[in-house]
file final_29.tsv (TSV, C-alpha atoms and all ligand atoms)
chain	number	residue	atom	x	y	z
A	1	MET	CA	34.74	-93.78	-23.63
A	2	THR	CA	32.62	-96.14	-21.48
A	3	ASN	CA	29.30	-97.45	-22.74
A	4	PRO	CA	26.19	-96.84	-20.61
A	5	PRO	CA	25.09	-99.93	-18.64
A	6	ILE	CA	22.73	-102.19	-20.59
A	7	SER	CA	19.34	-102.48	-18.89
A	8	ASN	CA	17.67	-105.90	-18.60
A	9	TYR	CA	14.28	-104.22	-18.67
A	10	ASN	CA	11.92	-105.87	-21.16
A	11	ILE	CA	10.02	-103.03	-22.79
A	12	ASN	CA	7.33	-105.47	-23.95
A	13	ASP	CA	6.60	-106.46	-20.36
A	14	PRO	CA	6.02	-103.31	-18.29
A	15	LYS	CA	6.40	-103.75	-14.53
A	16	ILE	CA	3.76	-101.26	-13.40
A	17	ILE	CA	0.13	-102.24	-12.80
A	18	VAL	CA	-2.02	-99.18	-12.11
A	19	ALA	CA	-4.90	-99.93	-9.71
A	20	LEU	CA	-8.12	-98.49	-11.17
A	21	ASP	CA	-9.85	-98.10	-7.82
A	22	TYR	CA	-12.91	-96.23	-9.05
A	23	ALA	CA	-16.64	-96.70	-8.54
A	24	ASP	CA	-17.70	-95.90	-12.09
A	25	ALA	CA	-16.59	-96.28	-15.68
A	26	ALA	CA	-16.36	-92.57	-16.49
A	27	ASP	CA	-13.73	-91.85	-13.82
A	28	ALA	CA	-11.81	-95.04	-14.62
A	29	LEU	CA	-11.78	-94.30	-18.35
A	30	LYS	CA	-10.78	-90.69	-17.82
A	31	LEU	CA	-7.69	-91.89	-15.96
A	32	ALA	CA	-6.94	-94.72	-18.38
A	33	HIS	CA	-7.01	-92.31	-21.33
A	34	GLN	CA	-4.27	-90.28	-19.66
A	35	LEU	CA	-1.96	-93.30	-19.32
A	36	ASP	CA	0.28	-95.08	-21.81
A	37	PRO	CA	-0.44	-98.81	-22.37
A	38	ALA	CA	3.16	-99.30	-23.49
A	39	ILE	CA	4.45	-98.70	-19.96
A	40	CYS	CA	1.70	-100.00	-17.65
A	41	ARG	CA	-1.12	-102.45	-17.20
A	42	LEU	CA	-4.38	-101.78	-15.35
A	43	LYS	CA	-5.90	-103.59	-12.38
A	44	ILE	CA	-9.67	-103.88	-12.05
A	45	GLY	CA	-10.98	-105.01	-8.69
A	46	LYS	CA	-14.31	-106.10	-7.28
A	47	GLU	CA	-15.78	-102.60	-6.90
A	48	LEU	CA	-15.24	-101.42	-10.46
A	49	PHE	CA	-16.00	-104.79	-12.05
A	50	THR	CA	-19.26	-105.14	-10.13
A	51	ALA	CA	-20.26	-101.62	-11.11
A	52	VAL	CA	-19.32	-101.66	-14.78
A	53	GLY	CA	-19.19	-105.31	-15.88
A	54	PRO	CA	-17.13	-107.17	-18.48
A	55	LYS	CA	-17.80	-104.82	-21.43
A	56	PHE	CA	-15.58	-102.26	-19.75
A	57	ILE	CA	-12.65	-104.67	-19.84
A	58	GLU	CA	-13.05	-104.94	-23.60
A	59	GLU	CA	-12.83	-101.15	-23.85
A	60	LEU	CA	-9.52	-101.20	-22.01
A	61	THR	CA	-8.08	-104.11	-23.97
A	62	HIS	CA	-9.12	-102.43	-27.24
A	63	ALA	CA	-7.26	-99.33	-26.06
A	64	GLY	CA	-4.17	-101.55	-25.81
A	65	PHE	CA	-4.02	-102.13	-22.06
A	66	GLY	CA	-3.16	-105.43	-20.42
A	67	VAL	CA	-5.78	-105.99	-17.70
A	68	PHE	CA	-5.28	-107.71	-14.35
A	69	LEU	CA	-8.74	-108.84	-13.19
A	70	ASP	CA	-8.37	-108.86	-9.41
A	71	LEU	CA	-11.51	-110.78	-8.38
A	72	LYS	CA	-9.78	-113.32	-6.07
A	73	PHE	CA	-12.00	-116.29	-6.91
A	74	HIS	CA	-12.58	-118.75	-4.04
A	75	ASP	CA	-15.24	-121.47	-4.40
A	76	ILE	CA	-15.56	-125.16	-5.24
A	77	PRO	CA	-13.12	-126.24	-7.99
A	78	ASN	CA	-15.77	-126.54	-10.72
A	79	THR	CA	-17.19	-123.07	-10.07
A	80	VAL	CA	-13.78	-121.42	-9.92
A	81	ALA	CA	-12.69	-123.18	-13.11
A	82	LYS	CA	-15.80	-121.89	-14.93
A	83	ALA	CA	-15.25	-118.37	-13.60
A	84	CYS	CA	-11.59	-118.45	-14.71
A	85	SER	CA	-12.62	-119.68	-18.11
A	86	ALA	CA	-15.18	-116.88	-18.49
A	87	ALA	CA	-12.62	-114.31	-17.31
A	88	SER	CA	-9.98	-115.64	-19.73
A	89	ASN	CA	-12.42	-115.21	-22.60
A	90	LEU	CA	-12.45	-111.48	-21.88
A	91	GLY	CA	-8.88	-111.27	-23.17
A	92	ILE	CA	-7.33	-110.28	-19.87
A	93	TRP	CA	-3.59	-110.46	-19.11
A	94	MET	CA	-3.77	-111.72	-15.50
A	95	LEU	CA	-6.32	-113.00	-12.95
A	96	ASN	CA	-6.26	-114.42	-9.46
A	97	VAL	CA	-7.76	-116.88	-7.01
A	98	HIS	CA	-7.35	-117.51	-3.28
A	99	ALA	CA	-4.68	-120.12	-2.52
A	100	SER	CA	-6.68	-121.15	0.55
A	101	GLY	CA	-9.25	-122.62	-1.86
A	102	GLY	CA	-6.82	-125.55	-1.96
A	103	LEU	CA	-4.73	-127.55	-4.40
A	104	GLU	CA	-7.64	-129.08	-6.29
A	105	MET	CA	-9.32	-125.70	-6.77
A	106	MET	CA	-6.12	-124.09	-8.03
A	107	GLN	CA	-5.39	-126.99	-10.38
A	108	ALA	CA	-8.91	-126.71	-11.82
A	109	ALA	CA	-8.39	-122.96	-12.28
A	110	GLN	CA	-5.02	-123.50	-13.96
A	111	GLN	CA	-6.46	-126.10	-16.29
A	112	ALA	CA	-9.31	-123.77	-17.27
A	113	VAL	CA	-6.93	-120.90	-17.97
A	114	SER	CA	-4.52	-123.10	-19.94
A	115	GLY	CA	-7.39	-124.24	-22.14
A	116	SER	CA	-8.29	-120.67	-23.09
A	117	GLU	CA	-7.03	-119.01	-26.24
A	118	THR	CA	-5.37	-116.07	-24.52
A	119	LYS	CA	-3.86	-118.00	-21.54
A	120	PRO	CA	-3.67	-115.18	-19.01
A	121	LEU	CA	-1.26	-115.39	-16.09
A	122	LEU	CA	-2.94	-116.98	-13.08
A	123	ILE	CA	-1.73	-115.98	-9.64
A	124	ALA	CA	-2.96	-116.60	-6.08
A	125	VAL	CA	-3.53	-114.54	-2.98
A	126	THR	CA	-1.95	-116.31	0.01
A	127	VAL	CA	-2.93	-114.51	3.22
A	128	LEU	CA	-4.74	-111.19	2.88
A	129	THR	CA	-2.60	-108.41	4.32
A	130	SER	CA	-5.62	-107.31	6.35
A	131	MET	CA	-5.14	-110.56	8.33
A	132	ASN	CA	-2.79	-110.78	11.29
A	133	GLN	CA	-1.77	-113.72	13.46
A	134	ALA	CA	-4.79	-113.28	15.74
A	135	GLY	CA	-7.11	-113.30	12.73
A	136	LEU	CA	-5.53	-116.50	11.45
A	137	ASN	CA	-5.91	-118.12	14.86
A	138	GLN	CA	-9.59	-117.10	14.92
A	139	ILE	CA	-10.24	-119.12	11.77
A	140	GLY	CA	-8.48	-122.14	13.23
A	141	ILE	CA	-5.01	-121.71	11.69
A	142	GLN	CA	-2.38	-121.93	14.41
A	143	THR	CA	0.63	-121.84	12.04
A	144	ASP	CA	2.88	-118.80	12.22
A	145	LEU	CA	1.70	-116.26	9.59
A	146	ALA	CA	4.96	-116.12	7.59
A	147	THR	CA	5.13	-119.93	7.48
A	148	HIS	CA	1.50	-120.05	6.36
A	149	VAL	CA	2.27	-117.58	3.53
A	150	LEU	CA	5.21	-119.72	2.43
A	151	ASN	CA	3.19	-122.96	2.63
A	152	LEU	CA	0.38	-121.49	0.51
A	153	THR	CA	2.93	-120.11	-1.97
A	154	LYS	CA	4.46	-123.57	-2.36
A	155	LEU	CA	0.98	-125.05	-2.84
A	156	THR	CA	0.34	-122.40	-5.52
A	157	GLN	CA	3.49	-123.44	-7.37
A	158	GLN	CA	2.60	-127.12	-6.98
A	159	ALA	CA	-0.77	-126.41	-8.62
A	160	GLY	CA	1.08	-124.96	-11.61
A	161	LEU	CA	0.07	-121.32	-11.15
A	162	ASP	CA	2.32	-118.49	-12.28
A	163	GLY	CA	2.83	-116.67	-8.99
A	164	VAL	CA	1.36	-114.93	-5.96
A	165	VAL	CA	0.36	-111.51	-4.73
A	166	CYS	CA	2.53	-110.58	-1.76
A	167	SER	CA	3.94	-107.68	0.19
A	168	ALA	CA	7.24	-106.51	-1.26
A	169	LEU	CA	8.61	-107.11	2.23
A	170	GLU	CA	7.93	-110.83	1.74
A	171	ALA	CA	9.33	-110.80	-1.80
A	172	ARG	CA	12.96	-111.47	-0.95
A	173	MET	CA	12.13	-114.57	1.10
A	174	LEU	CA	9.68	-115.85	-1.52
A	175	ARG	CA	12.06	-115.13	-4.42
A	176	ASP	CA	14.80	-117.13	-2.68
A	177	GLU	CA	12.40	-120.02	-2.01
A	178	MET	CA	10.49	-120.09	-5.29
A	179	GLY	CA	13.17	-119.36	-7.89
A	180	SER	CA	13.28	-116.86	-10.72
A	181	ASN	CA	10.37	-118.09	-12.85
A	182	PHE	CA	7.69	-117.39	-10.27
A	183	GLN	CA	5.78	-114.09	-10.48
A	184	LEU	CA	5.64	-111.92	-7.35
A	185	VAL	CA	3.03	-109.18	-7.69
A	186	THR	CA	3.44	-106.56	-4.98
A	187	PRO	CA	1.16	-103.72	-3.83
A	188	GLY	CA	2.08	-101.24	-1.07
A	189	ILE	CA	4.51	-99.37	-3.32
A	190	ARG	CA	5.28	-95.68	-2.82
A	191	PRO	CA	7.79	-93.55	-4.74
A	192	ILE	CA	10.20	-91.88	-2.34
A	193	ASP	CA	8.40	-88.51	-2.44
A	194	ALA	CA	4.79	-89.83	-2.40
A	195	ASN	CA	2.10	-89.72	0.26
A	196	GLN	CA	1.91	-92.96	2.29
A	197	ASP	CA	-1.96	-92.84	2.29
A	198	ASP	CA	-3.36	-95.73	4.37
A	199	GLN	CA	-0.53	-98.15	3.50
A	200	SER	CA	1.57	-98.96	6.55
A	201	ARG	CA	4.32	-101.22	5.27
A	202	ILE	CA	5.48	-99.49	2.10
A	203	VAL	CA	8.56	-99.80	-0.10
A	204	THR	CA	9.79	-97.76	-3.06
A	205	PRO	CA	9.68	-99.15	-6.62
A	206	THR	CA	13.47	-99.55	-6.56
A	207	GLU	CA	13.44	-101.46	-3.26
A	208	ALA	CA	10.58	-103.71	-4.41
A	209	LEU	CA	12.37	-104.66	-7.64
A	210	LYS	CA	15.63	-105.26	-5.81
A	211	MET	CA	13.79	-107.55	-3.37
A	212	GLY	CA	12.50	-109.65	-6.24
A	213	SER	CA	9.11	-108.18	-7.24
A	214	SER	CA	8.02	-109.04	-10.75
A	215	TYR	CA	5.21	-106.47	-11.01
A	216	LEU	CA	4.35	-103.41	-8.92
A	217	VAL	CA	0.71	-102.59	-8.15
A	218	ILE	CA	0.45	-98.83	-7.75
A	219	GLY	CA	-2.74	-96.82	-7.29
A	220	ARG	CA	-2.96	-93.40	-5.70
A	221	PRO	CA	0.60	-92.18	-6.36
A	222	ILE	CA	-0.46	-92.24	-10.04
A	223	THR	CA	-4.25	-91.90	-9.99
A	224	LEU	CA	-4.32	-88.92	-7.60
A	225	ASN	CA	-1.39	-87.14	-9.18
A	226	PRO	CA	-2.45	-83.98	-11.08
A	227	ASN	CA	-0.40	-85.36	-13.97
A	228	PRO	CA	-0.87	-89.16	-13.89
A	229	LEU	CA	1.20	-89.77	-17.04
A	230	LYS	CA	4.14	-87.82	-15.65
A	231	ALA	CA	3.94	-89.80	-12.39
A	232	LEU	CA	3.75	-93.08	-14.32
A	233	GLU	CA	6.67	-92.13	-16.56
A	234	ALA	CA	8.83	-91.23	-13.57
A	235	ILE	CA	8.21	-94.64	-11.93
A	236	HIS	CA	8.75	-96.39	-15.27
A	237	ALA	CA	12.11	-94.64	-15.66
A	238	GLU	CA	13.02	-95.82	-12.16
A	239	CYS	CA	12.09	-99.43	-13.09
A	240	ILE	CA	14.29	-99.32	-16.20
A	241	HIS	CA	17.15	-97.94	-14.17
A	242	VAL	CA	16.97	-100.74	-11.57
A	243	SER	CA	16.57	-103.59	-14.05
B	1	LIG	O1	-3.46	-96.65	-3.96
B	1	LIG	P1	-2.58	-97.82	-3.62
B	1	LIG	O2	-1.25	-97.81	-4.33
B	1	LIG	O3	-2.42	-98.00	-2.12
B	1	LIG	O4	-3.40	-99.08	-4.19
B	1	LIG	C1	-2.94	-100.38	-4.04
B	1	LIG	C2	-3.87	-101.35	-4.67
B	1	LIG	O5	-3.42	-102.66	-4.30
B	1	LIG	C3	-5.32	-101.27	-4.22
B	1	LIG	O6	-6.14	-101.72	-5.33
B	1	LIG	C4	-5.39	-102.24	-3.07
B	1	LIG	O7	-6.66	-102.79	-2.88
B	1	LIG	C5	-4.42	-103.33	-3.56
B	1	LIG	N1	-3.82	-104.13	-2.50
B	1	LIG	C6	-3.09	-103.60	-1.46
B	1	LIG	N2	-2.55	-104.40	-0.51
B	1	LIG	C7	-2.72	-105.71	-0.60
B	1	LIG	C8	-3.42	-106.28	-1.62
B	1	LIG	C9	-3.98	-105.44	-2.59
B	1	LIG	O8	-2.92	-102.39	-1.39
B	1	LIG	N3	-2.14	-106.47	0.30

call {"tool": "encode", "arguments": {"input": "final_29.tsv", "output": "structure tokens"}}
result
Amino acid sequence: MTNPPISNYNINDPKIIVALDYADAADALKLAHQLDPAICRLKIGKELFTAVGPKFIEELTHAGFGVFLDLKFHDIPNTVAKACSAASNLGIWMLNVHASGGLEMMQAAQQAVSGSETKPLLIAVTVLTSMNQAGLNQIGIQTDLATHVLNLTKLTQQAGLDGVVCSALEARMLRDEMGSNFQLVTPGIRPIDANQDDQSRIVTPTEALKMGSSYLVIGRPITLNPNPLKALEAIHAECIHVS
């Protein structure tokens, strides 16, 4: 009799980050209460955070959820460090800054986060996926977009951060370049049978993990599903199978 393959999946470190893209606390909480904190974390972006404030994060952390605070800080080093410190004190699991804020800004952010009790993961956004080559050129960057992403990713690692947000399609190249200890957080994920919505360059959870993604940011395939928990569980099962 052959034994089933042993999965490398770490059940204490779920791969799925559900994007809570809501305008108010009631809708966000209604969804969160249908999910299982043992198999996902939650991402709060600028819209929800601006509407509901930091108290809401405490509600989610008390309910057992790891929270990724996706506020993409970008300012002078001192201001970003203070913002990262304040965010860390909320007990979040992950937060982010813009790599284009520069080495000094990212180092200040990393130092602030390291000094906090909870030490959340700190990652950087390299080039926004809404940017194309023409957009980069308009702001005075003549470097080829993929090279610019790689350069900013290397700068992020040099500053001591934990990883970057990137398209899963960039993950294989970045995984090869950055090694196994660097976190690659990838949105644009769609299960094989899901609606593509407004995402144009999508990959399945299986493909993303195989290409080197560390964490999958997934919104509408879970939040708009009539049974969000069932949708989450199906993707979670897929993640375990691939790992
Ligand atoms: O609903 P969907 O799965 O498309 O949501 C993806 C989430 O990831 C949203 O919160 C979106 O803003 C975010 N995101 C993205 N593409 C990026 C960066 C972030 O879709 N390049």

call {"tool": "closest_residue", "arguments": {"input": "final_29.tsv", "among": "A:Glu59, A:Glu47, A:Glu104, A:Asp162", "to": "Asp75 in chain A", "atoms": "only C-alpha atoms"}}
result
A:Glu104

call {"tool": "residues_near_ligand", "arguments": {"input": "final_29.tsv", "ligand": "ligand LIG 1 (chain B)", "cutoff": "6 Å", "atoms": "only C-alpha atoms and all ligand atoms", "output": "number ranges by chain"}}
result
A: 19, 21, 128-129, 187-188, 199, 217-220

call {"tool": "atom_distance", "arguments": {"input": "final_29.tsv", "atom1": "CA of Thr118 in chain A", "atom2": "CA of Leu69 in chain A"}}
result
13.9 Å

call {"tool": "closest_residue", "arguments": {"input": "final_29.tsv", "among": "A:Asp36, A:Asp176, A:Glu238, A:Asp27", "to": "Ser7 in chain A", "atoms": "only C-alpha atoms"}}
result
A:Glu238

call {"tool": "residues_near_point", "arguments": {"input": "final_29.tsv", "point": "(-1.1, -100.9, -16.4)", "cutoff": "6 Å", "atoms": "only C-alpha atoms", "output": "list in words"}}
result
Ile16, Ile17, Val18, Cys40, Arg41 and Leu42 of chain A

call {"tool": "write_last_selection", "arguments": {"input": "final_29.tsv", "atoms": "C-alpha atoms", "output": "PDB file, keeping the file's coordinate frame"}}
result
ATOM      1  CA  ILE A  16       3.760-101.260 -13.400  1.00  0.00           C
ATOM      2  CA  ILE A  17       0.130-102.240 -12.800  1.00  0.00           C
ATOM      3  CA  VAL A  18      -2.020 -99.180 -12.110  1.00  0.00           C
ATOM      4  CA  CYS A  40       1.700-100.000 -17.650  1.00  0.00           C
ATOM      5  CA  ARG A  41      -1.120-102.450 -17.200  1.00  0.00           C
ATOM      6  CA  LEU A  42      -4.380-101.780 -15.350  1.00  0.00           C
TER       7      LEU A  42
END

call {"tool": "residues_around", "arguments": {"input": "final_29.tsv", "residues": "Ala32 in chain A", "least_positions_apart": "6", "cutoff": "12 Å", "atoms": "only C-alpha atoms", "output": "PyMOL selection string"}}
result
chain A and resi 17-22+25-26+40-44+56-57+59-67+222-223+228-229+232

call {"tool": "decode", "arguments": {"input": "final_29.tsv", "residues": "range 74-98 of chain A", "atoms": "N, CA, C and O atoms", "output": "PDB file, in the first residue's frame"}}
result
ATOM      1  N   HIS A  74       4.111  56.134   1.492  1.00  0.00           N
ATOM      2  CA  HIS A  74       5.145  56.745   0.626  1.00  0.00           C
ATOM      3  C   HIS A  74       5.276  58.203   1.048  1.00  0.00           C
ATOM      4  O   HIS A  74       4.429  59.033   0.742  1.00  0.00           O
ATOM      5  N   ASP A  75       6.363  58.519   1.775  1.00  0.00           N
ATOM      6  CA  ASP A  75       6.542  59.887   2.287  1.00  0.00           C
ATOM      7  C   ASP A  75       8.003  60.011   2.700  1.00  0.00           C
ATOM      8  O   ASP A  75       8.808  59.118   2.408  1.00  0.00           O
ATOM      9  N   ILE A  76       8.350  61.069   3.409  1.00  0.00           N
ATOM     10  CA  ILE A  76       9.733  61.177   3.882  1.00  0.00           C
ATOM     11  C   ILE A  76       9.980  60.072   4.924  1.00  0.00           C
ATOM     12  O   ILE A  76       9.032  59.599   5.575  1.00  0.00           O
ATOM     13  N   PRO A  77      11.240  59.644   5.074  1.00  0.00           N
ATOM     14  CA  PRO A  77      11.520  58.491   5.943  1.00  0.00           C
ATOM     15  C   PRO A  77      10.924  58.609   7.343  1.00  0.00           C
ATOM     16  O   PRO A  77      10.316  57.659   7.855  1.00  0.00           O
ATOM     17  N   ASN A  78      11.050  59.773   7.972  1.00  0.00           N
ATOM     18  CA  ASN A  78      10.558  59.935   9.340  1.00  0.00           C
ATOM     19  C   ASN A  78       9.048  59.713   9.427  1.00  0.00           C
ATOM     20  O   ASN A  78       8.543  59.029  10.315  1.00  0.00           O
ATOM     21  N   THR A  79       8.326  60.276   8.457  1.00  0.00           N
ATOM     22  CA  THR A  79       6.860  60.163   8.468  1.00  0.00           C
ATOM     23  C   THR A  79       6.427  58.717   8.225  1.00  0.00           C
ATOM     24  O   THR A  79       5.514  58.202   8.894  1.00  0.00           O
ATOM     25  N   VAL A  80       7.085  58.063   7.283  1.00  0.00           N
ATOM     26  CA  VAL A  80       6.725  56.669   6.999  1.00  0.00           C
ATOM     27  C   VAL A  80       7.056  55.777   8.198  1.00  0.00           C
ATOM     28  O   VAL A  80       6.272  54.890   8.562  1.00  0.00           O
ATOM     29  N   ALA A  81       8.205  56.035   8.823  1.00  0.00           N
ATOM     30  CA  ALA A  81       8.570  55.236  10.004  1.00  0.00           C
ATOM     31  C   ALA A  81       7.510  55.379  11.091  1.00  0.00           C
ATOM     32  O   ALA A  81       7.076  54.392  11.700  1.00  0.00           O
ATOM     33  N   LYS A  82       7.048  56.606  11.321  1.00  0.00           N
ATOM     34  CA  LYS A  82       6.031  56.837  12.369  1.00  0.00           C
ATOM     35  C   LYS A  82       4.716  56.151  12.001  1.00  0.00           C
ATOM     36  O   LYS A  82       4.042  55.575  12.858  1.00  0.00           O
ATOM     37  N   ALA A  83       4.362  56.223  10.719  1.00  0.00           N
ATOM     38  CA  ALA A  83       3.118  55.576  10.275  1.00  0.00           C
ATOM     39  C   ALA A  83       3.222  54.053  10.443  1.00  0.00           C
ATOM     40  O   ALA A  83       2.269  53.394  10.883  1.00  0.00           O
ATOM     41  N   CYS A  84       4.397  53.504  10.114  1.00  0.00           N
ATOM     42  CA  CYS A  84       4.588  52.047  10.241  1.00  0.00           C
ATOM     43  C   CYS A  84       4.538  51.624  11.697  1.00  0.00           C
ATOM     44  O   CYS A  84       4.014  50.558  12.045  1.00  0.00           O
ATOM     45  N   SER A  85       5.093  52.478  12.543  1.00  0.00           N
ATOM     46  CA  SER A  85       5.076  52.188  13.968  1.00  0.00           C
ATOM     47  C   SER A  85       3.633  52.174  14.487  1.00  0.00           C
ATOM     48  O   SER A  85       3.212  51.245  15.204  1.00  0.00           O
ATOM     49  N   ALA A  86       2.871  53.198  14.100  1.00  0.00           N
ATOM     50  CA  ALA A  86       1.469  53.282  14.535  1.00  0.00           C
ATOM     51  C   ALA A  86       0.678  52.087  14.013  1.00  0.00           C
ATOM     52  O   ALA A  86      -0.139  51.493  14.735  1.00  0.00           O
ATOM     53  N   ALA A  87       0.932  51.705  12.766  1.00  0.00           N
ATOM     54  CA  ALA A  87       0.220  50.562  12.175  1.00  0.00           C
ATOM     55  C   ALA A  87       0.590  49.274  12.913  1.00  0.00           C
ATOM     56  O   ALA A  87      -0.274  48.444  13.213  1.00  0.00           O
ATOM     57  N   SER A  88       1.884  49.120  13.214  1.00  0.00           N
ATOM     58  CA  SER A  88       2.332  47.899  13.909  1.00  0.00           C
ATOM     59  C   SER A  88       1.644  47.758  15.263  1.00  0.00           C
ATOM     60  O   SER A  88       1.314  46.652  15.694  1.00  0.00           O
ATOM     61  N   ASN A  89       1.422  48.893  15.919  1.00  0.00           N
ATOM     62  CA  ASN A  89       0.784  48.855  17.237  1.00  0.00           C
ATOM     63  C   ASN A  89      -0.675  48.388  17.186  1.00  0.00           C
ATOM     64  O   ASN A  89      -1.283  48.128  18.214  1.00  0.00           O
ATOM     65  N   LEU A  90      -1.219  48.299  15.971  1.00  0.00           N
ATOM     66  CA  LEU A  90      -2.592  47.803  15.842  1.00  0.00           C
ATOM     67  C   LEU A  90      -2.641  46.271  15.859  1.00  0.00           C
ATOM     68  O   LEU A  90      -3.711  45.683  15.775  1.00  0.00           O
ATOM     69  N   GLY A  91      -1.464  45.657  15.887  1.00  0.00           N
ATOM     70  CA  GLY A  91      -1.439  44.190  15.946  1.00  0.00           C
ATOM     71  C   GLY A  91      -1.657  43.520  14.601  1.00  0.00           C
ATOM     72  O   GLY A  91      -2.130  42.383  14.543  1.00  0.00           O
ATOM     73  N   ILE A  92      -1.305  44.224  13.544  1.00  0.00           N
ATOM     74  CA  ILE A  92      -1.511  43.644  12.210  1.00  0.00           C
ATOM     75  C   ILE A  92      -0.446  42.591  11.894  1.00  0.00           C
ATOM     76  O   ILE A  92       0.592  42.528  12.531  1.00  0.00           O
ATOM     77  N   TRP A  93      -0.723  41.809  10.848  1.00  0.00           N
ATOM     78  CA  TRP A  93       0.198  40.737  10.427  1.00  0.00           C
ATOM     79  C   TRP A  93       1.165  41.228   9.350  1.00  0.00           C
ATOM     80  O   TRP A  93       2.314  40.820   9.294  1.00  0.00           O
ATOM     81  N   MET A  94       0.683  42.139   8.472  1.00  0.00           N
ATOM     82  CA  MET A  94       1.509  42.603   7.347  1.00  0.00           C
ATOM     83  C   MET A  94       1.129  44.040   6.991  1.00  0.00           C
ATOM     84  O   MET A  94      -0.028  44.441   7.171  1.00  0.00           O
ATOM     85  N   LEU A  95       2.106  44.818   6.498  1.00  0.00           N
ATOM     86  CA  LEU A  95       1.816  46.156   5.971  1.00  0.00           C
ATOM     87  C   LEU A  95       2.761  46.444   4.827  1.00  0.00           C
ATOM     88  O   LEU A  95       3.698  45.670   4.575  1.00  0.00           O
ATOM     89  N   ASN A  96       2.513  47.557   4.134  1.00  0.00           N
ATOM     90  CA  ASN A  96       3.364  47.823   2.969  1.00  0.00           C
ATOM     91  C   ASN A  96       3.671  49.299   2.768  1.00  0.00           C
ATOM     92  O   ASN A  96       2.996  50.185   3.317  1.00  0.00           O
ATOM     93  N   VAL A  97       4.730  49.508   1.994  1.00  0.00           N
ATOM     94  CA  VAL A  97       5.175  50.857   1.607  1.00  0.00           C
ATOM     95  C   VAL A  97       5.479  50.816   0.109  1.00  0.00           C
ATOM     96  O   VAL A  97       5.489  49.740  -0.489  1.00  0.00           O
ATOM     97  N   HIS A  98       5.733  51.992  -0.475  1.00  0.00           N
ATOM     98  CA  HIS A  98       6.156  52.034  -1.886  1.00  0.00           C
ATOM     99  C   HIS A  98       7.674  51.963  -1.958  1.00  0.00           C
ATOM    100  O   HIS A  98       8.368  52.800  -1.362  1.00  0.00           O
TER     101      HIS A  98
END
